[in-house]
>>> print(open('work-v2.cif').read())   # mmCIF, C-alpha atoms
data_input
#
loop_
_atom_site.label_atom_id
_atom_site.label_comp_id
_atom_site.auth_asym_id
_atom_site.auth_seq_id
_atom_site.Cartn_x
_atom_site.Cartn_y
_atom_site.Cartn_z
CA MET A 92 0.00 0.00 0.00
CA SER A 93 1.45 3.33 -1.04
CA THR A 94 1.44 6.39 1.16
CA GLU A 95 -1.42 8.83 0.63
CA ALA A 96 -2.55 12.07 2.21
CA HIS A 97 -6.29 12.54 2.78
CA ALA A 98 -8.28 15.48 4.12
CA PHE A 99 -11.67 15.41 5.84
CA ILE A 100 -13.01 18.90 6.30
CA ALA A 101 -16.08 21.13 6.23
CA THR A 102 -16.54 24.62 4.87
CA SER A 103 -19.31 27.16 4.57
CA LEU A 104 -20.91 27.53 1.12
CA ASP A 105 -18.54 30.42 0.50
CA GLY A 106 -15.55 28.25 1.33
CA PHE A 107 -14.53 29.32 4.82
CA ILE A 108 -13.37 26.99 7.59
CA ALA A 109 -13.56 29.66 10.30
CA ARG A 110 -14.36 33.30 10.78
CA GLU A 111 -11.59 35.87 10.41
CA ASP A 112 -10.78 35.56 14.13
CA GLY A 113 -10.77 31.75 13.99
CA ALA A 114 -14.23 31.34 15.55
CA ILE A 115 -16.26 28.30 14.51
CA ASP A 116 -19.45 29.23 16.37
CA TRP A 117 -21.49 28.80 13.16
CA LEU A 118 -20.83 25.04 13.37
CA ASP A 119 -23.28 25.07 16.30
CA GLY A 120 -25.98 25.23 13.62
CA VAL A 121 -25.12 21.62 12.69
CA PRO A 122 -26.83 18.92 14.81
CA ASP A 123 -24.23 16.65 16.44
CA THR A 124 -26.63 13.71 16.24
CA GLU A 125 -25.77 13.14 12.57
CA ASP A 126 -23.03 10.70 11.65
CA HIS A 127 -20.95 12.33 8.94
CA GLY A 128 -18.60 9.37 8.68
CA PHE A 129 -15.66 10.78 10.59
CA ASP A 130 -15.08 7.64 12.69
CA GLU A 131 -15.16 5.48 9.59
CA PHE A 132 -12.68 7.83 7.92
CA LEU A 133 -10.44 7.77 10.98
CA ASP A 134 -10.42 3.96 10.99
CA GLY A 135 -8.42 4.06 7.78
CA VAL A 136 -5.90 6.58 9.06
CA ASP A 137 -2.38 5.66 10.19
CA ALA A 138 -1.11 9.04 11.29
CA LEU A 139 -2.29 12.63 11.58
CA VAL A 140 -0.55 15.71 10.26
CA MET A 141 -1.59 19.15 11.42
CA GLY A 142 -0.22 22.61 11.98
CA ARG A 143 0.52 24.06 15.38
CA LYS A 144 -2.63 26.22 15.39
CA THR A 145 -4.88 23.26 14.60
CA PHE A 146 -3.08 21.20 17.24
CA GLU A 147 -3.68 23.87 19.87
CA GLN A 148 -7.31 24.10 18.77
CA VAL A 149 -7.93 20.36 19.12
CA LEU A 150 -6.14 20.39 22.48
CA GLY A 151 -8.67 23.04 23.49
CA PHE A 152 -11.58 20.67 22.71
CA GLY A 153 -10.68 18.79 25.93
CA GLU A 154 -11.50 15.40 24.39
CA TRP A 155 -9.04 13.55 22.20
CA ALA A 156 -10.77 12.14 19.13
CA TYR A 157 -7.83 10.34 17.54
CA GLY A 158 -7.23 7.33 19.77
CA GLU A 159 -3.60 6.34 19.89
CA ARG A 160 -2.78 7.36 16.34
CA ARG A 161 0.54 9.07 15.87
CA VAL A 162 0.34 12.86 15.44
CA VAL A 163 2.87 14.93 13.52
CA VAL A 164 2.66 18.67 14.22
CA LEU A 165 4.24 20.72 11.43
CA SER A 166 5.98 23.64 13.06
CA ARG A 167 8.98 25.57 11.93
CA SER A 168 9.34 27.60 15.11
CA ARG A 169 8.16 25.49 18.04
CA THR A 170 9.86 22.52 19.54
CA GLN A 171 8.26 19.76 21.54
CA ALA A 172 9.39 21.35 24.79
CA SER A 173 7.50 24.59 24.14
CA ILE A 174 4.01 23.09 23.91
CA PRO A 175 3.22 20.77 26.79
CA VAL A 176 1.06 17.85 25.63
CA PRO A 177 -1.80 17.35 28.12
CA GLU A 178 -2.46 13.98 29.72
CA HIS A 179 -5.74 13.36 27.88
CA VAL A 180 -3.79 13.09 24.60
CA SER A 181 -3.44 9.35 24.08
CA SER A 182 -1.39 9.72 20.88
CA PRO A 183 2.36 10.00 20.55
CA VAL A 184 3.01 13.58 19.39
CA GLU A 185 5.99 14.64 17.32
CA PHE A 186 6.93 18.16 16.22
CA PHE A 187 8.37 18.27 12.72
CA GLY A 188 10.27 21.25 11.32
CA GLY A 189 10.54 20.19 7.65
CA THR A 190 8.35 20.75 4.62
CA PRO A 191 5.33 18.64 3.59
CA GLU A 192 7.60 17.02 0.96
CA ASP A 193 10.18 16.11 3.63
CA LEU A 194 7.53 14.57 5.81
CA PHE A 195 5.84 12.74 2.97
CA ARG A 196 9.10 11.23 1.79
CA ARG A 197 9.94 10.12 5.31
CA GLU A 198 6.52 8.49 5.76
CA GLU A 199 6.84 6.79 2.39
CA SER A 200 10.17 5.32 3.44
CA ALA A 201 8.63 4.18 6.70
CA GLY A 202 5.79 2.46 4.81
CA THR A 203 3.01 4.56 6.34
CA GLY A 204 -0.36 4.04 4.64
CA ARG A 205 -2.76 6.92 5.05
CA LEU A 206 -1.97 10.35 6.45
CA TYR A 207 -4.85 12.51 7.62
CA VAL A 208 -3.84 16.11 6.97
CA ASP A 209 -5.88 18.65 8.89
CA GLY A 210 -6.12 22.41 9.19
CA GLY A 211 -6.38 24.98 6.42
CA GLN A 212 -2.70 25.85 6.15
CA VAL A 213 -1.47 22.26 6.14
CA ILE A 214 -4.08 21.19 3.60
CA GLN A 215 -3.09 24.14 1.39
CA SER A 216 0.60 23.30 1.66
CA PHE A 217 0.00 19.63 0.78
CA LEU A 218 -2.20 20.70 -2.14
CA ALA A 219 0.36 23.17 -3.43
CA ALA A 220 3.02 20.45 -3.23
CA GLY A 221 0.82 18.06 -5.23
CA LEU A 222 0.64 15.71 -2.26
CA LEU A 223 -3.07 15.66 -1.42
CA HIS A 224 -4.59 12.49 -2.87
CA GLN A 225 -8.14 12.64 -1.62
CA ILE A 226 -10.48 15.09 0.06
CA ASN A 227 -13.71 14.45 1.88
CA LEU A 228 -15.34 17.87 1.58
CA THR A 229 -18.51 18.80 3.43
CA ARG A 230 -20.45 21.95 2.61
CA ILE A 231 -22.40 23.49 5.46
CA PRO A 232 -25.44 25.39 4.14
CA VAL A 233 -24.45 28.82 5.38
CA LEU A 234 -22.86 31.87 3.80
CA LEU A 235 -20.54 33.68 6.22
CA GLY A 236 -19.46 36.51 3.94
CA GLY A 237 -15.84 36.29 5.08
CA GLY A 238 -13.32 34.32 7.12
CA ILE A 239 -10.40 31.94 6.69
CA PRO A 240 -10.69 30.15 3.33
CA LEU A 241 -9.94 26.44 2.98
CA PHE A 242 -8.29 26.81 -0.40
CA GLY A 243 -5.49 29.12 -1.45
CA PRO A 244 -3.29 30.03 -4.42
CA LEU A 245 -1.99 27.29 -6.71
CA ASP A 246 0.56 27.23 -9.50
CA SER A 247 -1.84 25.49 -11.86
CA ASP A 248 -5.35 24.02 -12.01
CA VAL A 249 -5.95 20.81 -10.07
CA TRP A 250 -8.70 18.54 -11.40
CA TRP A 251 -10.48 15.95 -9.26
CA GLU A 252 -12.32 12.72 -9.84
CA HIS A 253 -15.72 12.58 -8.17
CA GLN A 254 -16.02 9.51 -5.94
CA SER A 255 -19.31 9.92 -4.10
CA THR A 256 -21.75 12.52 -2.79
CA ARG A 257 -24.36 12.30 -0.08
CA SER A 258 -26.55 14.83 1.66
CA PHE A 259 -27.83 14.87 5.23
CA PRO A 260 -31.13 15.98 6.80
CA SER A 261 -29.28 18.97 8.28
CA GLY A 262 -28.49 20.15 4.76
CA LEU A 263 -24.83 19.19 4.76
CA VAL A 264 -23.53 17.90 1.43
CA GLN A 265 -20.48 15.69 1.56
CA THR A 266 -18.42 14.83 -1.50
CA VAL A 267 -15.32 12.68 -1.80
CA TYR A 268 -12.90 13.76 -4.54
CA ARG A 269 -9.75 11.97 -5.65
CA ARG A 270 -7.01 13.89 -7.40
CA LYS A 271 -6.75 13.18 -11.11
CA GLU A 272 -3.40 11.68 -11.96
CA THR A 273 -3.07 13.77 -15.11
CA SER A 274 -3.57 17.26 -13.74
CA MET B 297 -47.51 33.44 -6.99
CA SER B 298 -45.10 35.73 -5.24
CA THR B 299 -42.02 37.18 -6.89
CA GLU B 300 -38.79 35.29 -6.29
CA ALA B 301 -35.20 35.64 -7.43
CA HIS B 302 -33.34 32.45 -8.36
CA ALA B 303 -29.74 31.85 -9.42
CA PHE B 304 -28.36 28.99 -11.50
CA ILE B 305 -24.60 29.05 -11.51
CA ALA B 306 -21.42 26.97 -11.44
CA THR B 307 -18.18 27.54 -9.58
CA SER B 308 -14.85 25.81 -9.18
CA LEU B 309 -14.32 23.88 -5.93
CA ASP B 310 -12.59 26.96 -4.56
CA GLY B 311 -15.60 29.11 -5.39
CA PHE B 312 -14.59 31.01 -8.52
CA ILE B 313 -16.86 31.74 -11.48
CA ALA B 314 -14.00 32.93 -13.71
CA ARG B 315 -10.28 33.53 -13.66
CA GLU B 316 -9.00 36.92 -12.55
CA ASP B 317 -9.15 38.19 -16.16
CA GLY B 318 -12.68 36.85 -16.67
CA ALA B 319 -11.61 33.77 -18.66
CA ILE B 320 -13.78 30.67 -18.37
CA ASP B 321 -11.54 28.36 -20.41
CA TRP B 322 -11.54 25.81 -17.55
CA LEU B 323 -15.23 25.13 -18.33
CA ASP B 324 -13.97 23.36 -21.47
CA GLY B 325 -13.14 20.48 -19.11
CA VAL B 326 -16.89 19.86 -18.73
CA PRO B 327 -18.51 17.70 -21.44
CA ASP B 328 -21.38 19.56 -23.12
CA THR B 329 -23.23 16.31 -23.68
CA GLU B 330 -24.49 16.30 -20.09
CA ASP B 331 -27.85 17.83 -19.29
CA HIS B 332 -27.43 19.87 -16.12
CA GLY B 333 -31.05 20.97 -16.08
CA PHE B 334 -30.64 24.49 -17.38
CA ASP B 335 -33.49 24.29 -19.90
CA GLU B 336 -35.80 22.94 -17.22
CA PHE B 337 -34.75 25.77 -14.92
CA LEU B 338 -35.30 28.34 -17.67
CA ASP B 339 -38.81 27.03 -18.31
CA GLY B 340 -39.82 28.38 -14.91
CA VAL B 341 -38.27 31.80 -15.45
CA ASP B 342 -40.30 34.91 -16.30
CA ALA B 343 -37.51 37.45 -16.67
CA LEU B 344 -33.72 37.65 -16.48
CA VAL B 345 -31.68 40.11 -14.47
CA MET B 346 -27.99 40.52 -15.17
CA GLY B 347 -25.22 43.09 -14.96
CA ARG B 348 -23.76 44.85 -17.96
CA LYS B 349 -20.63 42.69 -17.97
CA THR B 350 -22.62 39.47 -17.98
CA PHE B 351 -24.88 40.86 -20.69
CA GLU B 352 -21.89 41.68 -22.87
CA GLN B 353 -20.47 38.21 -22.19
CA VAL B 354 -23.65 36.40 -23.24
CA LEU B 355 -23.89 38.64 -26.31
CA GLY B 356 -20.41 37.37 -27.16
CA PHE B 357 -21.61 33.74 -27.12
CA GLY B 358 -23.33 34.47 -30.46
CA GLU B 359 -26.31 32.27 -29.63
CA TRP B 360 -29.15 33.54 -27.50
CA ALA B 361 -30.19 30.93 -24.93
CA TYR B 362 -33.12 32.75 -23.34
CA GLY B 363 -35.85 32.63 -25.97
CA GLU B 364 -38.09 35.67 -25.80
CA ARG B 365 -37.87 36.17 -22.08
CA ARG B 366 -37.57 39.76 -20.95
CA VAL B 367 -34.04 40.81 -19.92
CA VAL B 368 -33.27 43.55 -17.41
CA VAL B 369 -29.68 44.77 -17.48
CA LEU B 370 -28.68 46.47 -14.23
CA SER B 371 -26.44 49.35 -15.13
CA ARG B 372 -25.88 52.60 -13.36
CA SER B 373 -23.79 54.18 -16.08
CA ARG B 374 -24.95 52.87 -19.44
CA THR B 375 -28.14 53.65 -21.23
CA GLN B 376 -29.87 51.57 -23.84
CA ALA B 377 -28.44 53.71 -26.61
CA SER B 378 -24.83 52.96 -25.67
CA ILE B 379 -24.98 49.18 -26.08
CA PRO B 380 -26.52 48.12 -29.38
CA VAL B 381 -28.53 44.92 -28.98
CA PRO B 382 -27.67 42.53 -31.82
CA GLU B 383 -30.34 41.02 -34.02
CA HIS B 384 -29.91 37.47 -32.70
CA VAL B 385 -31.26 38.62 -29.33
CA SER B 386 -34.90 37.56 -29.39
CA SER B 387 -35.69 39.05 -25.97
CA PRO B 388 -36.84 42.55 -25.17
CA VAL B 389 -33.91 44.20 -23.36
CA GLU B 390 -34.27 46.97 -20.80
CA PHE B 391 -31.49 48.87 -19.04
CA PHE B 392 -32.33 49.65 -15.41
CA GLY B 393 -30.42 52.19 -13.33
CA GLY B 394 -31.90 51.49 -9.89
CA THR B 395 -30.94 49.12 -7.06
CA PRO B 396 -31.89 45.43 -6.79
CA GLU B 397 -34.50 46.51 -4.21
CA ASP B 398 -36.00 49.03 -6.66
CA LEU B 399 -36.20 46.41 -9.37
CA PHE B 400 -37.58 43.73 -7.10
CA ARG B 401 -40.33 46.03 -5.80
CA ARG B 402 -41.26 47.01 -9.33
CA GLU B 403 -41.44 43.37 -10.45
CA GLU B 404 -43.51 42.50 -7.38
CA SER B 405 -45.98 45.24 -8.26
CA ALA B 406 -46.10 43.96 -11.83
CA GLY B 407 -46.84 40.43 -10.59
CA THR B 408 -43.71 38.86 -12.09
CA GLY B 409 -43.14 35.30 -10.88
CA ARG B 410 -39.57 34.13 -11.11
CA LEU B 411 -36.53 36.29 -11.81
CA TYR B 412 -33.34 34.58 -12.93
CA VAL B 413 -30.47 36.65 -11.57
CA ASP B 414 -27.15 35.98 -13.26
CA GLY B 415 -23.55 37.10 -12.97
CA GLY B 416 -21.40 37.31 -9.87
CA GLN B 417 -21.99 40.95 -9.02
CA VAL B 418 -25.75 40.84 -9.48
CA ILE B 419 -26.06 37.63 -7.47
CA GLN B 420 -23.96 39.20 -4.69
CA SER B 421 -26.06 42.36 -4.67
CA PHE B 422 -29.32 40.39 -4.50
CA LEU B 423 -27.86 38.23 -1.72
CA ALA B 424 -26.66 41.23 0.26
CA ALA B 425 -30.13 42.78 -0.08
CA GLY B 426 -31.76 39.59 1.22
CA LEU B 427 -33.52 39.12 -2.10
CA LEU B 428 -32.12 35.80 -3.36
CA HIS B 429 -34.63 33.06 -2.62
CA GLN B 430 -33.07 30.02 -4.26
CA ILE B 431 -29.76 29.01 -5.75
CA ASN B 432 -28.94 26.10 -8.02
CA LEU B 433 -25.22 25.75 -7.34
CA THR B 434 -22.99 23.44 -9.37
CA ARG B 435 -19.46 22.62 -8.27
CA ILE B 436 -17.00 21.81 -11.01
CA PRO B 437 -14.27 19.46 -9.75
CA VAL B 438 -11.33 21.77 -10.29
CA LEU B 439 -9.27 24.04 -8.04
CA LEU B 440 -8.19 27.20 -9.84
CA GLY B 441 -6.23 28.81 -7.03
CA GLY B 442 -7.65 32.26 -7.73
CA GLY B 443 -10.16 34.24 -9.77
CA ILE B 444 -13.46 36.04 -9.43
CA PRO B 445 -15.40 34.60 -6.48
CA LEU B 446 -19.14 33.94 -6.67
CA PHE B 447 -19.80 35.03 -3.10
CA GLY B 448 -18.81 38.24 -1.37
CA PRO B 449 -19.11 40.09 1.94
CA LEU B 450 -22.38 39.97 3.87
CA ASP B 451 -23.69 41.83 6.89
CA SER B 452 -24.70 38.60 8.62
CA ASP B 453 -24.77 34.83 8.14
CA VAL B 454 -27.29 33.50 5.64
CA TRP B 455 -28.52 29.93 6.24
CA TRP B 456 -30.01 27.76 3.51
CA GLU B 457 -32.38 24.83 3.32
CA HIS B 458 -31.07 21.93 1.28
CA GLN B 459 -33.55 20.95 -1.46
CA SER B 460 -31.73 18.37 -3.55
CA THR B 461 -28.30 17.24 -4.69
CA ARG B 462 -27.23 15.21 -7.68
CA SER B 463 -23.89 14.35 -9.22
CA PHE B 464 -22.96 13.79 -12.86
CA PRO B 465 -20.55 11.39 -14.59
CA SER B 466 -18.30 14.39 -15.32
CA GLY B 467 -17.91 14.94 -11.58
CA LEU B 468 -20.14 17.98 -11.33
CA VAL B 469 -22.19 18.17 -8.14
CA GLN B 470 -25.34 20.24 -8.27
CA THR B 471 -27.24 21.35 -5.19
CA VAL B 472 -30.40 23.40 -4.89
CA TYR B 473 -30.62 25.55 -1.76
CA ARG B 474 -33.54 27.66 -0.59
CA ARG B 475 -32.97 30.54 1.75
CA LYS B 476 -34.15 29.93 5.30
CA GLU B 477 -36.86 32.35 6.25
CA THR B 478 -35.41 32.91 9.72
CA SER B 479 -31.89 33.96 8.83
#
>>> encode(input="work-v2.cif", output="structure tokens")
Amino acid sequence: MSTEAHAFIATSLDGFIAREDGAIDWLDGVPDTEDHGFDEFLDGVDALVMGRKTFEQVLGFGEWAYGERRVVVLSRSRTQASIPVPEHVSSPVEFFGGTPEDLFRREESAGTGRLYVDGGQVIQSFLAAGLLHQINLTRIPVLLGGGIPLFGPLDSDVWWEHQSTRSFPSGLVQTVYRRKETS
Amino acid sequence: MSTEAHAFIATSLDGFIAREDGAIDWLDGVPDTEDHGFDEFLDGVDALVMGRKTFEQVLGFGEWAYGERRVVVLSRSRTQASIPVPEHVSSPVEFFGGTPEDLFRREESAGTGRLYVDGGQVIQSFLAAGLLHQINLTRIPVLLGGGIPLFGPLDSDVWWEHQSTRSFPSGLVQTVYRRKETS
């Protein structure tokens, strides 16, 4: 099995993952009784990759949703010593100072299967490096008018293969796209 | 039947309707053999509303796709005399210098049913005025990395009711949203 990077993320209809100040209060409009397939997605994941901001955000949630899966925090400036990892984090956590390419090559050599890349900046950097293989993209039926966009600049167009789409009673629409090899 | 404004539009996965310079060359990646329901949508339309730029763009297509439906071109600066309407345009064309609210009130008084609002700026101005009732939104499976966004700033969140979603062999995903009354 070759190494792949997958994303699983939700945006507003206008493409934002958070308000300008990072707030995600608008997600309260989504009922948490719906199963959007995150656990199933996580079952196939070998290791997580996220930026420091996303890591601090998920630490703030209090609960640790990732079991004992290895977590790699991409951070050019922080070292492990500077962010204490709380006790409720059941995963081994590693801070990595290299580029997405560096990390991907290392994981390939180590025979890692699926990487779950999370957080807007990390997803953008994997995309820009041509290293994002699949994205599970959920659209929340709200227009925010502004905020932090999921997607950013690219050197050239990236085309995707549609895998599946489903909608939920809450109005969420979830689509899985796989990167086209010839893009 | 009360007056409503509907949009029928496609964007890239990162939310752009055109490249920065207005080019829509990336739409060539979509097979024109697929029926995305435009004719069916148009059947329910009583009049079209578009900005001057969109009007000039559809004039450039050479073919006129709107039958004999009335067209209102929103334009603060141009008058009818300054843009000659070519012979292949089978619709009556009116240039209107007022706001979306002005137009909507006038159409309400006239008993117009459905307005088809087209073009990024006009859709944004109807949205910002709280006058867009329904949107048929198609996502084309490509990331462009930049361009002219469909959505713009808003004074407050706008929530939508999911009506239906379908996907196409080409990878297009089309969702119909209806504005929530209590937004």
>>> residues_around(input="work-v2.cif", residues="region 461-475 of chain B", least_positions_apart="6", cutoff="10 Å", atoms="all atoms listed in the file", output="JSON, numbers by chain")
{"A": [232, 233, 250, 251, 252, 253, 254, 255, 256, 257, 258, 262, 264, 266, 268], "B": [302, 303, 304, 305, 306, 307, 308, 309, 325, 326, 327, 328, 329, 330, 331, 332, 333, 423, 426, 427, 428, 429, 430, 431, 432, 433, 434, 435, 436, 437, 438, 454, 455]}
>>> residues_near_point(input="work-v2.cif", point="(0.4, 30.4, -4.9)", cutoff="9 Å", atoms="all atoms listed in the file", output="MDAnalysis selection string")
(chainID A and resid 219 243:247) or (chainID B and resid 441:442)
>>> atom_distance(input="work-v2.cif", atom1="CA of Phe107 (chain A)", atom2="CA of Asp453 (chain B)")
12.1 Å
>>> resolve_selection(input="work-v2.cif", expression="the PyMOL selection byres ((chain B and resi 411-413) around 9)", output="ChimeraX atom specification")
/B:299-304,338,341-347,400,403,408-410,414-415,418-419,422,428
>>> write_last_selection(input="work-v2.cif", atoms="C-alpha atoms", output="mmCIF file, keeping the file's coordinate frame")
data_model
loop_
_atom_site.group_PDB
_atom_site.id
_atom_site.type_symbol
_atom_site.label_atom_id
_atom_site.label_comp_id
_atom_site.auth_asym_id
_atom_site.auth_seq_id
_atom_site.Cartn_x
_atom_site.Cartn_y
_atom_site.Cartn_z
ATOM 1 C CA THR B 299 -42.020 37.180 -6.890
ATOM 2 C CA GLU B 300 -38.790 35.290 -6.290
ATOM 3 C CA ALA B 301 -35.200 35.640 -7.430
ATOM 4 C CA HIS B 302 -33.340 32.450 -8.360
ATOM 5 C CA ALA B 303 -29.740 31.850 -9.420
ATOM 6 C CA PHE B 304 -28.360 28.990 -11.500
ATOM 7 C CA LEU B 338 -35.300 28.340 -17.670
ATOM 8 C CA VAL B 341 -38.270 31.800 -15.450
ATOM 9 C CA ASP B 342 -40.300 34.910 -16.300
ATOM 10 C CA ALA B 343 -37.510 37.450 -16.670
ATOM 11 C CA LEU B 344 -33.720 37.650 -16.480
ATOM 12 C CA VAL B 345 -31.680 40.110 -14.470
ATOM 13 C CA MET B 346 -27.990 40.520 -15.170
ATOM 14 C CA GLY B 347 -25.220 43.090 -14.960
ATOM 15 C CA PHE B 400 -37.580 43.730 -7.100
ATOM 16 C CA GLU B 403 -41.440 43.370 -10.450
ATOM 17 C CA THR B 408 -43.710 38.860 -12.090
ATOM 18 C CA GLY B 409 -43.140 35.300 -10.880
ATOM 19 C CA ARG B 410 -39.570 34.130 -11.110
ATOM 20 C CA ASP B 414 -27.150 35.980 -13.260
ATOM 21 C CA GLY B 415 -23.550 37.100 -12.970
ATOM 22 C CA VAL B 418 -25.750 40.840 -9.480
ATOM 23 C CA ILE B 419 -26.060 37.630 -7.470
ATOM 24 C CA PHE B 422 -29.320 40.390 -4.500
ATOM 25 C CA LEU B 428 -32.120 35.800 -3.360
#
>>> resolve_selection(input="work-v2.cif", expression="the PyMOL selection byres ((chain A and resi 182-188) around 8)", output="number ranges by chain")
A: 157-171, 176, 180-181, 189-190, 194
>>> resolve_selection(input="work-v2.cif", expression="the PyMOL selection byres ((chain A and resi 239) around 6)", output="ChimeraX atom specification")
/A:107-111,238,240
>>> atom_distance(input="work-v2.cif", atom1="CA of Gln417 (chain B)", atom2="CA of Asp339 (chain B)")
23.7 Å
>>> atom_distance(input="work-v2.cif", atom1="CA of His179 (chain A)", atom2="CA of Trp155 (chain A)")
6.6 Å
>>> closest_residue(input="work-v2.cif", among="B:Gln420, B:Gly340, B:Leu355, B:Pro396", to="chain A", atoms="all atoms listed in the file")
B:Gln420
>>> axis_aligned_box(input="work-v2.cif", around="region 365-375 of chain B", padding_each_side="3 Å", output="JSON")
{"center_x": -30.8, "center_y": 45.2, "center_z": -17.7, "size_x": 20.1, "size_y": 24.0, "size_z": 14.7}
>>> closest_residue(input="work-v2.cif", among="B:Ser298, B:Gly311, B:Glu336, B:Thr350", to="chain A", atoms="all atoms listed in the file")
B:Gly311
>>> build_atoms(input="work-v2.cif", residues="region 385-402 of chain B", atoms="N, CA and C atoms", output="JSON list (two decimals), keeping the file's coordinate frame")
[["chain", "number", "residue", "atom", "x", "y", "z"],
["B", 385, "VAL", "N", -30.64, 38.58, -30.66],
["B", 385, "VAL", "CA", -31.26, 38.62, -29.33],
["B", 385, "VAL", "C", -32.77, 38.73, -29.48],
["B", 386, "SER", "N", -33.46, 37.62, -29.16],
["B", 386, "SER", "CA", -34.90, 37.56, -29.39],
["B", 386, "SER", "C", -35.70, 38.09, -28.20],
["B", 387, "SER", "N", -35.01, 38.54, -27.17],
["B", 387, "SER", "CA", -35.69, 39.05, -25.97],
["B", 387, "SER", "C", -35.79, 40.57, -26.02],
["B", 388, "PRO", "N", -36.86, 41.11, -25.42],
["B", 388, "PRO", "CA", -36.84, 42.55, -25.17],
["B", 388, "PRO", "C", -35.80, 42.85, -24.08],
["B", 389, "VAL", "N", -34.98, 43.86, -24.30],
["B", 389, "VAL", "CA", -33.91, 44.20, -23.36],
["B", 389, "VAL", "C", -34.14, 45.59, -22.79],
["B", 390, "GLU", "N", -34.07, 45.68, -21.47],
["B", 390, "GLU", "CA", -34.27, 46.97, -20.80],
["B", 390, "GLU", "C", -33.06, 47.26, -19.92],
["B", 391, "PHE", "N", -32.55, 48.48, -19.96],
["B", 391, "PHE", "CA", -31.49, 48.87, -19.04],
["B", 391, "PHE", "C", -32.12, 49.56, -17.85],
["B", 392, "PHE", "N", -31.68, 49.16, -16.63],
["B", 392, "PHE", "CA", -32.33, 49.65, -15.41],
["B", 392, "PHE", "C", -31.26, 50.24, -14.50],
["B", 393, "GLY", "N", -31.45, 51.49, -14.09],
["B", 393, "GLY", "CA", -30.42, 52.19, -13.33],
["B", 393, "GLY", "C", -30.59, 52.14, -11.83],
["B", 394, "GLY", "N", -31.64, 51.49, -11.34],
["B", 394, "GLY", "CA", -31.90, 51.49, -9.89],
["B", 394, "GLY", "C", -31.19, 50.36, -9.17],
["B", 395, "THR", "N", -31.53, 50.17, -7.90],
["B", 395, "THR", "CA", -30.94, 49.12, -7.06],
["B", 395, "THR", "C", -31.71, 47.81, -7.26],
["B", 396, "PRO", "N", -31.14, 46.68, -6.78],
["B", 396, "PRO", "CA", -31.89, 45.43, -6.79],
["B", 396, "PRO", "C", -33.22, 45.56, -6.06],
["B", 397, "GLU", "N", -33.23, 46.31, -4.94],
["B", 397, "GLU", "CA", -34.50, 46.51, -4.21],
["B", 397, "GLU", "C", -35.53, 47.22, -5.08],
["B", 398, "ASP", "N", -35.10, 48.28, -5.76],
["B", 398, "ASP", "CA", -36.00, 49.03, -6.66],
["B", 398, "ASP", "C", -36.62, 48.08, -7.69],
["B", 399, "LEU", "N", -35.74, 47.31, -8.32],
["B", 399, "LEU", "CA", -36.20, 46.41, -9.37],
["B", 399, "LEU", "C", -37.16, 45.37, -8.81],
["B", 400, "PHE", "N", -36.75, 44.78, -7.67],
["B", 400, "PHE", "CA", -37.58, 43.73, -7.10],
["B", 400, "PHE", "C", -38.97, 44.25, -6.75],
["B", 401, "ARG", "N", -39.02, 45.44, -6.15],
["B", 401, "ARG", "CA", -40.33, 46.03, -5.80],
["B", 401, "ARG", "C", -41.17, 46.27, -7.05],
["B", 402, "ARG", "N", -40.52, 46.74, -8.09],
["B", 402, "ARG", "CA", -41.26, 47.01, -9.33],
["B", 402, "ARG", "C", -41.83, 45.71, -9.91]]
